[in-house]
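Student: I'm passing along entry-v4.pdb; it holds PDB, C-alpha atoms.
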ATOM      1  CA  MET O 338       7.071 -33.536 -51.023
ATOM      2  CA  THR O 339      10.689 -33.199 -49.869
ATOM      3  CA  ARG O 340      12.533 -29.902 -49.993
ATOM      4  CA  ARG O 341      14.885 -31.296 -52.653
ATOM      5  CA  ALA O 342      11.971 -32.350 -54.870
ATOM      6  CA  THR O 343      10.360 -28.915 -54.421
ATOM      7  CA  ASN O 344      13.618 -27.213 -55.413
ATOM      8  CA  ILE O 345      13.934 -29.390 -58.534
ATOM      9  CA  LEU O 346      10.307 -28.635 -59.461
ATOM     10  CA  GLY O 347      10.988 -24.914 -59.001
ATOM     11  CA  VAL O 348      14.103 -24.947 -61.207
ATOM     12  CA  VAL O 349      12.304 -26.955 -63.942
ATOM     13  CA  ALA O 350       9.301 -24.581 -63.786
ATOM     14  CA  ILE O 351      11.483 -21.455 -64.076
ATOM     15  CA  ALA O 352      13.469 -22.991 -66.969
ATOM     16  CA  MET O 353      10.265 -23.915 -68.799
ATOM     17  CA  VAL O 354       8.707 -20.486 -68.351
ATOM     18  CA  ALA O 355      11.971 -18.900 -69.561
ATOM     19  CA  THR O 356      11.863 -21.185 -72.635
ATOM     20  CA  THR O 357       8.266 -20.129 -73.307
ATOM     21  CA  ILE O 358       9.231 -16.470 -73.114
ATOM     22  CA  GLY O 359      12.191 -17.054 -75.453
ATOM     23  CA  LEU O 360      10.033 -18.935 -77.945
ATOM     24  CA  GLY O 361       7.207 -16.413 -77.728
ATOM     25  CA  LEU O 362       9.389 -13.365 -78.283
ATOM     26  CA  SER O 363      11.163 -14.999 -81.240
ATOM     27  CA  LEU O 364       7.926 -15.749 -83.124
ATOM     28  CA  PRO O 365       7.688 -14.107 -86.557
ATOM     29  CA  ARG O 366       5.476 -11.088 -87.291
ATOM     30  CA  THR O 367       2.168 -11.933 -88.972
ATOM     31  CA  VAL O 368       0.344 -10.038 -91.720
ATOM     32  CA  GLU O 369      -2.880  -9.859 -89.741
ATOM     33  CA  GLN O 370      -1.641  -8.955 -86.240
ATOM     34  CA  HIS O 371       1.998  -7.927 -86.771
ATOM     35  CA  GLU O 372       4.075  -8.685 -83.633
ATOM     36  CA  TYR O 373       1.037  -8.851 -81.317
ATOM     37  CA  SER O 374       0.525 -12.558 -82.162
ATOM     38  CA  ARG O 375       3.576 -13.209 -79.959
ATOM     39  CA  LEU O 376       1.291 -12.879 -76.943
ATOM     40  CA  ILE O 377      -0.164 -16.261 -77.925
ATOM     41  CA  ALA O 378       2.679 -17.996 -76.046
ATOM     42  CA  ILE O 379       1.507 -16.612 -72.685
ATOM     43  CA  HIS O 380      -2.143 -15.467 -72.825
ATOM     44  CA  PRO O 381      -3.917 -18.816 -73.579
ATOM     45  CA  PRO O 382      -1.606 -20.742 -71.175
ATOM     46  CA  LEU O 383      -2.389 -18.246 -68.369
ATOM     47  CA  ALA O 384      -6.118 -18.735 -69.024
ATOM     48  CA  TRP O 385      -5.638 -22.532 -69.049
ATOM     49  CA  VAL O 386      -3.925 -22.477 -65.629
ATOM     50  CA  SER O 387      -6.647 -20.215 -64.229
ATOM     51  CA  TYR O 388      -9.189 -22.928 -65.195
ATOM     52  CA  VAL O 389      -7.032 -25.815 -63.927
ATOM     53  CA  SER O 390      -6.328 -24.156 -60.577
ATOM     54  CA  PHE O 391      -9.990 -23.233 -60.039
ATOM     55  CA  GLY O 392     -10.870 -26.819 -61.062
ATOM     56  CA  VAL O 393      -8.472 -28.148 -58.393
ATOM     57  CA  THR O 394     -10.204 -25.887 -55.832
ATOM     58  CA  ALA O 395     -13.602 -27.275 -56.874
ATOM     59  CA  LEU O 396     -12.384 -30.892 -56.784
ATOM     60  CA  ALA O 397     -10.735 -30.480 -53.363
ATOM     61  CA  SER O 398     -13.941 -28.790 -52.120
ATOM     62  CA  ALA O 399     -16.006 -31.750 -53.354
ATOM     63  CA  PHE O 400     -13.692 -34.133 -51.450
ATOM     64  CA  TYR O 401     -14.080 -31.936 -48.358
ATOM     65  CA  LEU O 402     -17.873 -31.893 -48.601
ATOM     66  CA  TRP O 403     -18.097 -35.676 -49.144
ATOM     67  CA  PRO O 404     -18.273 -37.115 -45.578
ATOM     68  CA  ARG O 405     -16.152 -40.193 -46.437
ATOM     69  CA  THR O 406     -13.244 -38.150 -47.760
ATOM     70  CA  ARG O 407     -13.579 -35.117 -45.462
ATOM     71  CA  SER O 408     -10.182 -33.984 -44.247
ATOM     72  CA  ARG O 409      -8.615 -30.634 -43.380
ATOM     73  CA  TYR O 410      -6.077 -31.415 -46.133
ATOM     74  CA  TRP O 411      -8.695 -30.850 -48.886
ATOM     75  CA  ASP O 412      -9.874 -27.570 -47.371
ATOM     76  CA  LEU O 413      -6.308 -26.221 -47.211
ATOM     77  CA  LEU O 414      -5.567 -27.437 -50.757
ATOM     78  CA  ALA O 415      -8.715 -25.705 -52.055
ATOM     79  CA  GLY O 416      -7.699 -22.416 -50.423
ATOM     80  CA  ALA O 417      -4.120 -22.625 -51.710
ATOM     81  CA  SER O 418      -5.191 -23.316 -55.293
ATOM     82  CA  ALA O 419      -7.865 -20.589 -55.255
ATOM     83  CA  GLU O 420      -5.331 -17.875 -54.418
ATOM     84  CA  ILE O 421      -3.086 -18.989 -57.295
ATOM     85  CA  SER O 422      -6.125 -19.109 -59.565
ATOM     86  CA  ALA O 423      -6.939 -15.488 -58.685
ATOM     87  CA  VAL O 424      -3.386 -14.448 -59.693
ATOM     88  CA  PHE O 425      -3.579 -16.314 -63.022
ATOM     89  CA  THR O 426      -7.094 -15.034 -63.772
ATOM     90  CA  ALA O 427      -5.970 -11.446 -63.139
ATOM     91  CA  LEU O 428      -2.973 -12.006 -65.464
ATOM     92  CA  THR O 429      -5.298 -13.490 -68.105
ATOM     93  CA  LEU O 430      -7.421 -10.327 -67.993
ATOM     94  CA  ILE O 431      -4.380  -8.022 -68.073
ATOM     95  CA  THR O 432      -2.583  -9.765 -70.963
ATOM     96  CA  GLY O 433      -5.871 -10.101 -72.855
ATOM     97  CA  SER O 434      -6.533  -6.407 -72.436
ATOM     98  CA  ILE O 435      -2.993  -5.583 -73.609
ATOM     99  CA  TRP O 436      -3.551  -7.793 -76.681
ATOM    100  CA  GLY O 437      -7.001  -6.316 -77.318
ATOM    101  CA  ARG O 438      -5.878  -2.682 -77.377
ATOM    102  CA  PRO O 439      -3.790  -2.809 -80.619
ATOM    103  CA  THR O 440      -5.905  -5.491 -82.365
ATOM    104  CA  TRP O 441      -9.478  -4.514 -81.394
ATOM    105  CA  GLY O 442      -8.787  -0.858 -80.702
ATOM    106  CA  VAL O 443     -10.113  -1.015 -77.121
ATOM    107  CA  TRP O 444      -8.725  -2.098 -73.743
ATOM    108  CA  TRP O 445     -12.007  -3.648 -72.670
ATOM    109  CA  VAL O 446     -15.353  -4.672 -74.128
ATOM    110  CA  TRP O 447     -18.308  -6.280 -72.343
ATOM    111  CA  ASP O 448     -17.981  -9.397 -74.462
ATOM    112  CA  ALA O 449     -19.205 -12.744 -73.042
ATOM    113  CA  ARG O 450     -15.694 -14.236 -72.638
ATOM    114  CA  LEU O 451     -14.185 -11.142 -71.032
ATOM    115  CA  THR O 452     -17.169 -10.520 -68.767
ATOM    116  CA  LEU O 453     -17.246 -14.136 -67.579
ATOM    117  CA  THR O 454     -13.495 -14.099 -66.888
ATOM    118  CA  ALA O 455     -13.964 -10.922 -64.828
ATOM    119  CA  LEU O 456     -16.843 -12.637 -63.015
ATOM    120  CA  MET O 457     -14.552 -15.613 -62.345
ATOM    121  CA  LEU O 458     -11.987 -13.294 -60.721
ATOM    122  CA  ALA O 459     -14.730 -11.681 -58.610
ATOM    123  CA  LEU O 460     -15.961 -15.134 -57.500
ATOM    124  CA  LEU O 461     -12.429 -16.206 -56.573
ATOM    125  CA  LEU O 462     -11.850 -13.035 -54.538
ATOM    126  CA  GLY O 463     -15.219 -13.524 -52.828
ATOM    127  CA  TYR O 464     -14.304 -17.130 -52.007
ATOM    128  CA  LEU O 465     -10.935 -16.053 -50.561
ATOM    129  CA  ALA O 466     -12.688 -13.382 -48.469
ATOM    130  CA  LEU O 467     -15.175 -15.966 -47.206
ATOM    131  CA  ARG O 468     -12.297 -18.175 -46.059
ATOM    132  CA  ARG O 469     -11.092 -15.282 -43.867
ATOM    133  CA  VAL O 470     -14.407 -14.909 -42.004
ATOM    134  CA  PRO O 471     -13.755 -15.856 -38.365
ATOM    135  CA  GLY O 472     -15.651 -18.808 -36.963
ATOM    136  CA  ASP O 473     -15.655 -22.521 -36.415
ATOM    137  CA  VAL O 474     -13.105 -24.183 -38.722
ATOM    138  CA  GLY O 475     -15.438 -27.020 -39.752
ATOM    139  CA  ALA O 476     -18.410 -24.771 -40.547
ATOM    140  CA  ARG O 477     -16.182 -22.326 -42.401
ATOM    141  CA  GLY O 478     -14.674 -25.164 -44.435
ATOM    142  CA  LYS O 479     -18.088 -26.525 -45.458
ATOM    143  CA  ARG O 480     -19.424 -23.056 -46.318
ATOM    144  CA  SER O 481     -16.336 -22.246 -48.404
ATOM    145  CA  ALA O 482     -16.417 -25.618 -50.172
ATOM    146  CA  ALA O 483     -20.078 -25.169 -51.143
ATOM    147  CA  VAL O 484     -19.348 -21.694 -52.530
ATOM    148  CA  ALA O 485     -16.300 -22.991 -54.464
ATOM    149  CA  LEU O 486     -18.314 -25.797 -56.051
ATOM    150  CA  ALA O 487     -21.148 -23.472 -57.073
ATOM    151  CA  SER O 488     -18.689 -20.825 -58.364
ATOM    152  CA  ALA O 489     -16.774 -23.357 -60.474
ATOM    153  CA  MET O 490     -19.800 -23.552 -62.781
ATOM    154  CA  VAL O 491     -18.377 -20.422 -64.393
ATOM    155  CA  ILE O 492     -15.403 -22.407 -65.837
ATOM    156  CA  PRO O 493     -17.249 -24.343 -68.598
ATOM    157  CA  ILE O 494     -19.522 -21.372 -69.322
ATOM    158  CA  ASP O 495     -16.477 -19.100 -69.726
ATOM    159  CA  HIS O 496     -14.662 -21.669 -71.883
ATOM    160  CA  PHE O 497     -17.603 -22.272 -74.243
ATOM    161  CA  ALA O 498     -18.774 -18.634 -74.260
ATOM    162  CA  VAL O 499     -17.017 -18.070 -77.602
ATOM    163  CA  ASP O 500     -19.064 -20.920 -79.152
ATOM    164  CA  TRP O 501     -22.391 -20.141 -77.483
ATOM    165  CA  TRP O 502     -22.463 -16.392 -78.080
ATOM    166  CA  THR O 503     -21.210 -14.028 -80.757
ATOM    167  CA  THR O 504     -18.095 -12.545 -79.213
ATOM    168  CA  LEU O 505     -15.311 -10.213 -80.226
ATOM    169  CA  HIS O 506     -12.910 -12.666 -78.632
ATOM    170  CA  GLN O 507     -11.709 -15.321 -81.061
ATOM    171  CA  ASP O 508     -12.814 -18.963 -80.765
ATOM    172  CA  SER O 509     -10.505 -21.820 -79.655
ATOM    173  CA  SER O 510      -6.907 -20.508 -79.613
ATOM    174  CA  ILE O 511      -5.377 -23.861 -80.633
ATOM    175  CA  GLU O 512      -7.705 -24.324 -83.639
ATOM    176  CA  ARG O 513      -7.178 -20.748 -84.742
ATOM    177  CA  ALA O 514      -3.391 -20.958 -84.367
ATOM    178  CA  LYS O 515      -3.315 -24.203 -86.387
ATOM    179  CA  ASP O 516      -5.481 -22.752 -89.168
ATOM    180  CA  THR O 517      -4.125 -19.214 -89.479
ATOM    181  CA  LEU O 518      -0.751 -18.841 -87.760
ATOM    182  CA  GLY O 519       1.128 -22.108 -88.294
ATOM    183  CA  GLY O 520       3.492 -24.525 -86.551
ATOM    184  CA  PRO O 521       5.812 -22.209 -84.563
ATOM    185  CA  PHE O 522       2.843 -20.445 -82.950
ATOM    186  CA  VAL O 523       1.158 -23.737 -82.010
ATOM    187  CA  ALA O 524       4.481 -25.096 -80.650
ATOM    188  CA  ALA O 525       5.153 -21.970 -78.561
ATOM    189  CA  MET O 526       1.628 -22.048 -77.184
ATOM    190  CA  LEU O 527       1.815 -25.773 -76.309
ATOM    191  CA  VAL O 528       5.181 -25.285 -74.572
ATOM    192  CA  GLY O 529       3.508 -22.409 -72.699
ATOM    193  CA  PHE O 530       0.638 -24.678 -71.580
ATOM    194  CA  VAL O 531       3.102 -27.228 -70.129
ATOM    195  CA  ALA O 532       5.435 -24.571 -68.648
ATOM    196  CA  PHE O 533       2.709 -22.626 -66.828
ATOM    197  CA  THR O 534       1.105 -25.865 -65.604
ATOM    198  CA  VAL O 535       4.451 -26.984 -64.103
ATOM    199  CA  PHE O 536       4.898 -23.480 -62.621
ATOM    200  CA  TYR O 537       1.426 -23.759 -61.097
ATOM    201  CA  ALA O 538       2.347 -27.148 -59.571
ATOM    202  CA  GLY O 539       5.431 -25.583 -57.970
ATOM    203  CA  LEU O 540       3.440 -22.637 -56.642
ATOM    204  CA  LEU O 541       0.761 -24.979 -55.284
ATOM    205  CA  VAL O 542       3.348 -26.941 -53.255
ATOM    206  CA  LEU O 543       4.705 -23.686 -51.764
ATOM    207  CA  ARG O 544       1.285 -22.145 -51.131
ATOM    208  CA  PHE O 545      -0.069 -25.347 -49.581
ATOM    209  CA  ARG O 546       2.822 -25.297 -47.075
ATOM    210  CA  VAL O 547       1.928 -21.708 -46.163
ATOM    211  CA  GLU O 548      -1.696 -22.766 -45.701
ATOM    212  CA  GLN O 549      -0.629 -25.629 -43.375
ATOM    213  CA  LEU O 550       1.662 -23.332 -41.367
ATOM    214  CA  GLU O 551      -1.055 -20.658 -41.047
ATOM    215  CA  ASP O 552      -3.486 -23.319 -39.885
ATOM    216  CA  ARG O 553      -1.012 -24.491 -37.232
ATOM    217  CA  PHE O 554      -0.276 -20.911 -36.212
ATOM    218  CA  GLU O 555      -4.003 -20.212 -35.870
ATOM    219  CA  SER O 556      -4.661 -23.316 -33.735
ATOM    220  CA  ASP O 557      -1.529 -22.703 -31.572
ATOM    221  CA  GLY O 558      -2.646 -19.097 -31.067
ATOM    222  CA  LEU O 559      -6.115 -20.289 -30.055
ATOM    223  CA  ASP O 560      -4.611 -22.756 -27.565
ATOM    224  CA  GLN O 561      -2.485 -19.994 -26.031
ATOM    225  CA  ALA O 562      -5.483 -17.621 -25.801
ATOM    226  CA  LEU O 563      -7.591 -20.342 -24.110
ATOM    227  CA  ALA O 564      -4.769 -21.066 -21.653
ATOM    228  CA  ALA O 565      -4.521 -17.334 -20.825
ATOM    229  CA  ARG O 566      -8.313 -17.096 -20.256
ATOM    230  CA  ARG O 567      -8.226 -20.189 -18.021
ATOM    231  CA  ALA O 568      -5.366 -18.676 -16.028
ATOM    232  CA  GLU O 569      -7.398 -15.464 -15.575
ATOM    233  CA  ALA O 570     -10.557 -17.311 -14.510
ATOM    234  CA  PHE O 571      -8.854 -19.838 -12.226
ATOM    235  CA  PRO O 572      -5.690 -18.221 -10.863
ATOM    236  CA  ARG O 573      -3.314 -20.646  -9.187
ATOM    237  CA  ARG O 574      -3.137 -20.133  -5.417
ATOM    238  CA  GLU O 575       0.265 -19.995  -3.863
ATOM    239  CA  PRO O 576       0.583 -22.733  -1.192
ATOM    240  CA  GLU O 577       0.390 -21.342   2.331
ATOM    241  CA  VAL O 578       3.491 -21.813   4.399
ATOM    242  CA  VAL O 579       2.612 -23.365   7.728
ATOM    243  CA  GLY O 580       4.716 -22.897  10.857
TER
ATOM    244  CA  MET A1266       6.670  -4.037 -79.610
ATOM    245  CA  GLY A1267       5.508  -2.006 -76.591
ATOM    246  CA  TYR A1268       2.317  -4.004 -76.008
ATOM    247  CA  VAL A1269       4.093  -7.352 -76.351
ATOM    248  CA  ALA A1270       6.896  -6.259 -73.997
ATOM    249  CA  ALA A1271       4.314  -4.974 -71.507
ATOM    250  CA  GLY A1272       2.398  -8.269 -71.589
ATOM    251  CA  TYR A1273       5.498 -10.383 -71.020
ATOM    252  CA  SER A1274       6.994  -8.024 -68.401
ATOM    253  CA  ILE A1275       3.823  -7.841 -66.313
ATOM    254  CA  THR A1276       3.465 -11.635 -66.408
ATOM    255  CA  VAL A1277       7.062 -12.211 -65.298
ATOM    256  CA  VAL A1278       6.961  -9.548 -62.565
ATOM    257  CA  VAL A1279       3.617 -10.719 -61.127
ATOM    258  CA  LEU A1280       4.498 -14.424 -61.152
ATOM    259  CA  ALA A1281       7.995 -13.873 -59.744
ATOM    260  CA  GLY A1282       6.670 -11.462 -57.116
ATOM    261  CA  TYR A1283       3.920 -13.863 -56.057
ATOM    262  CA  ALA A1284       6.356 -16.823 -55.854
ATOM    263  CA  LEU A1285       8.855 -14.807 -53.764
ATOM    264  CA  ARG A1286       6.102 -13.505 -51.483
ATOM    265  CA  THR A1287       4.866 -17.070 -50.908
ATOM    266  CA  VAL A1288       8.389 -18.260 -50.022
ATOM    267  CA  ALA A1289       8.807 -15.281 -47.654
ATOM    268  CA  ARG A1290       5.445 -16.009 -45.964
ATOM    269  CA  ALA A1291       6.467 -19.647 -45.382
ATOM    270  CA  ARG A1292       9.823 -18.577 -43.896
ATOM    271  CA  ALA A1293       8.218 -15.985 -41.610
ATOM    272  CA  LEU A1294       5.663 -18.505 -40.326
ATOM    273  CA  ARG A1295       8.367 -21.136 -39.746
ATOM    274  CA  ARG A1296      10.331 -18.617 -37.666
ATOM    275  CA  ARG A1297       7.260 -17.861 -35.537
ATOM    276  CA  LEU A1298       6.412 -21.539 -35.081
ATOM    277  CA  PRO A1299       9.169 -23.303 -33.164
ATOM    278  CA  GLY A1300       9.800 -26.895 -34.202
ATOM    279  CA  SER A1301       8.587 -26.594 -37.802
TER
END
Taking this structure as input, can you express it in the form of structure tokens?
Tutor:
Amino acid sequence: MTRRATNILGVVAIAMVATTIGLGLSLPRTVEQHEYSRLIAIHPPLAWVSYVSFGVTALASAFYLWPRTRSRYWDLLAGASAEISAVFTALTLITGSIWGRPTWGVWWVWDARLTLTALMLALLLGYLALRRVPGDVGARGKRSAAVALASAMVIPIDHFAVDWWTTLHQDSSIERAKDTLGGPFVAAMLVGFVAFTVFYAGLLVLRFRVEQLEDRFESDGLDQALAARRAEAFPRREPEVVG
Amino acid sequence: MGYVAAGYSITVVVLAGYALRTVARARALRRRLPGS
């Protein structure tokens, strides 16, 4: 992606997120939740992007593990998306907790949805730590990809937790908004889904570049270290001057 | 309004901070890698 295209994507993403914030904060108060329903414009979209970004990590990991499609590109993409996913998952937990305090009366409860989202964050942080373990690049890539694929199982379980178990967390946000809150809430939430997805795409382009540069820096550093060791082991002899 | 403001503020600060940090990391690496 060219620098110009990246800049355009960034401007569009910022404008869309700003629109979401404007729409969310201008939502009317509701009888049931007063002004706290306004968090609907950001909390479900943040959760959605946390799933999408972890899904991209899992998909890229599958491509890396498949011998026919194996390429360093997929490994770097998986790592880039996982870091963004960790940020969005943390924000999902924080905004959910902020919403829960005035409506449920508690900051946190060991409810299936909340617990699984916390587990998802722990798995993402573990995956990112695993990527930092020194070693052969190929072996590290395969190990990380296998862990990412296994960890991604938490996504559907977390999503359907509200249907499978009795939870304090409400069921599907879209269905609930349609049934109880009305058009403006659904519209703000849908704009939020698109806005945060576009923002994620912009972040992924930036983060992927960092991943590529770090990879190059690491391999250049290794080349320099090997050259230094070779120079130590086999020092160049100065030619003897005859006569 | 405090909870709503807190939710929106934290989201904006974290996302903006993360985006700026990522841009700064890319710039720093480009400076250290000649020819990129």
Student: Which residues would end up in the selection if the PyMOL selection byres ((chain A and resi 1270) around 10) were applied here, given that I need the answer as an mmCIF file with C-alpha atoms, keeping the file's coordinate frame?
Tutor:
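In the end it all went to result_14.cif:
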data_model
loop_
_atom_site.group_PDB
_atom_site.id
_atom_site.type_symbol
_atom_site.label_atom_id
_atom_site.label_comp_id
_atom_site.auth_asym_id
_atom_site.auth_seq_id
_atom_site.Cartn_x
_atom_site.Cartn_y
_atom_site.Cartn_z
ATOM 1 C CA LEU O 362 9.389 -13.365 -78.283
ATOM 2 C CA TYR O 373 1.037 -8.851 -81.317
ATOM 3 C CA ARG O 375 3.576 -13.209 -79.959
ATOM 4 C CA LEU O 376 1.291 -12.879 -76.943
ATOM 5 C CA ILE O 435 -2.993 -5.583 -73.609
ATOM 6 C CA MET A 1266 6.670 -4.037 -79.610
ATOM 7 C CA GLY A 1267 5.508 -2.006 -76.591
ATOM 8 C CA TYR A 1268 2.317 -4.004 -76.008
ATOM 9 C CA VAL A 1269 4.093 -7.352 -76.351
ATOM 10 C CA ALA A 1271 4.314 -4.974 -71.507
ATOM 11 C CA GLY A 1272 2.398 -8.269 -71.589
ATOM 12 C CA TYR A 1273 5.498 -10.383 -71.020
ATOM 13 C CA SER A 1274 6.994 -8.024 -68.401
ATOM 14 C CA ILE A 1275 3.823 -7.841 -66.313
ATOM 15 C CA THR A 1276 3.465 -11.635 -66.408
#
Student: Using only C-alpha atoms for the distances, tell me which of O:Ser387, O:Thr406, O:Ser374, O:Ser481 is nearest to Ala427 of chain O.
Tutor: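 The closest residue to Ala427 of chain O is O:Ser387.
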Student: Can you list every residue of chain O that has an atom at most 9 Å from chain A, with its nearest atom pair and the distance in Å to one decimal, using all atoms listed in the file, ordered by chain then number, as JSON lines?
Tutor:
{"residue": "O:Val354", "atom": "CA", "partner": "A:Val1277", "partner_atom": "CA", "distance": 9.0}
{"residue": "O:Ile358", "atom": "CA", "partner": "A:Tyr1273", "partner_atom": "CA", "distance": 7.4}
{"residue": "O:Leu362", "atom": "CA", "partner": "A:Val1269", "partner_atom": "CA", "distance": 8.2}
{"residue": "O:Glu372", "atom": "CA", "partner": "A:Met1266", "partner_atom": "CA", "distance": 6.7}
{"residue": "O:Tyr373", "atom": "CA", "partner": "A:Val1269", "partner_atom": "CA", "distance": 6.0}
{"residue": "O:Ser374", "atom": "CA", "partner": "A:Val1269", "partner_atom": "CA", "distance": 8.6}
{"residue": "O:Arg375", "atom": "CA", "partner": "A:Val1269", "partner_atom": "CA", "distance": 6.9}
{"residue": "O:Leu376", "atom": "CA", "partner": "A:Val1269", "partner_atom": "CA", "distance": 6.2}
{"residue": "O:Ile379", "atom": "CA", "partner": "A:Tyr1273", "partner_atom": "CA", "distance": 7.6}
{"residue": "O:His380", "atom": "CA", "partner": "A:Gly1272", "partner_atom": "CA", "distance": 8.6}
{"residue": "O:Ile421", "atom": "CA", "partner": "A:Tyr1283", "partner_atom": "CA", "distance": 8.8}
{"residue": "O:Val424", "atom": "CA", "partner": "A:Leu1280", "partner_atom": "CA", "distance": 8.0}
{"residue": "O:Phe425", "atom": "CA", "partner": "A:Leu1280", "partner_atom": "CA", "distance": 8.5}
{"residue": "O:Leu428", "atom": "CA", "partner": "A:Thr1276", "partner_atom": "CA", "distance": 6.5}
{"residue": "O:Ile431", "atom": "CA", "partner": "A:Gly1272", "partner_atom": "CA", "distance": 7.6}
{"residue": "O:Thr432", "atom": "CA", "partner": "A:Gly1272", "partner_atom": "CA", "distance": 5.2}
{"residue": "O:Gly433", "atom": "CA", "partner": "A:Gly1272", "partner_atom": "CA", "distance": 8.6}
{"residue": "O:Ile435", "atom": "CA", "partner": "A:Tyr1268", "partner_atom": "CA", "distance": 6.0}
{"residue": "O:Trp436", "atom": "CA", "partner": "A:Tyr1268", "partner_atom": "CA", "distance": 7.0}
{"residue": "O:Arg438", "atom": "CA", "partner": "A:Tyr1268", "partner_atom": "CA", "distance": 8.4}
{"residue": "O:Pro439", "atom": "CA", "partner": "A:Tyr1268", "partner_atom": "CA", "distance": 7.7}
{"residue": "O:Leu540", "atom": "CA", "partner": "A:Ala1284", "partner_atom": "CA", "distance": 6.6}
{"residue": "O:Leu543", "atom": "CA", "partner": "A:Thr1287", "partner_atom": "CA", "distance": 6.7}
{"residue": "O:Arg544", "atom": "CA", "partner": "A:Thr1287", "partner_atom": "CA", "distance": 6.2}
{"residue": "O:Arg546", "atom": "CA", "partner": "A:Ala1291", "partner_atom": "CA", "distance": 6.9}
{"residue": "O:Val547", "atom": "CA", "partner": "A:Ala1291", "partner_atom": "CA", "distance": 5.0}
{"residue": "O:Glu548", "atom": "CA", "partner": "A:Ala1291", "partner_atom": "CA", "distance": 8.7}
{"residue": "O:Leu550", "atom": "CA", "partner": "A:Leu1294", "partner_atom": "CA", "distance": 6.4}
{"residue": "O:Glu551", "atom": "CA", "partner": "A:Leu1294", "partner_atom": "CA", "distance": 7.1}
{"residue": "O:Arg553", "atom": "CA", "partner": "A:Leu1298", "partner_atom": "CA", "distance": 8.3}
{"residue": "O:Phe554", "atom": "CA", "partner": "A:Leu1298", "partner_atom": "CA", "distance": 6.8}
{"residue": "O:Asp557", "atom": "CA", "partner": "A:Leu1298", "partner_atom": "CA", "distance": 8.8}
Student: Find the residues around Val484 of chain O up to 7 Å (all atoms listed in the file counted), leave out those fewer than 4 positions away in its own chain, and share them as a VMD selection string.
Tutor: chain O and resid 464 480 488
Student: I'd like the interatomic distance between atom CA of Thr429 of chain O and atom CA of Arg450 of chain O, to a tenth of an Å.
Tutor: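 Atom-to-atom, atom CA of Thr429 of chain O to atom CA of Arg450 of chain O, that is 11.4 Å.
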Student: I'd like the interatomic distance between atom CA of Ala397 of chain O and atom CA of Ile345 of chain O, to a tenth of an Å.
Tutor: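 It comes out at 25.2 Å.
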Student: Would you work out the distance separating atom CA of Trp445 of chain O from atom CA of Gln507 of chain O, expressed in Å to one decimal?
Tutor: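 Atom CA of Trp445 of chain O sits 14.4 Å away from atom CA of Gln507 of chain O.
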Student: Take every atom of segment 1284-1301 of chain A listed in the file, fit an axis-aligned box around them, add 4 Å per side, and give the centre and edge lengths in Å to one decimal as AutoDock Vina command-line options.
Tutor:
--center_x 7.6 --center_y -20.2 --center_z -44.5 --size_x 13.5 --size_y 21.4 --size_z 30.7
Student: Could you list the residues chosen by the PyMOL selection byres ((chain O and resi 531-535) around 6) in this structure as an MDAnalysis selection string?
Tutor: chainID O and resid 350 353:354 528:530 536:538
Student: I'd like to know which of O:Ala525, O:Leu360, O:Ala399, O:Leu541 is closest to Ser422 of chain O, using all atoms listed in the file.
Tutor: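 Checking each of O:Ala525, O:Leu360, O:Ala399, O:Leu541 against Ser422 of chain O, counting all atoms listed in the file, the winner is O:Leu541.
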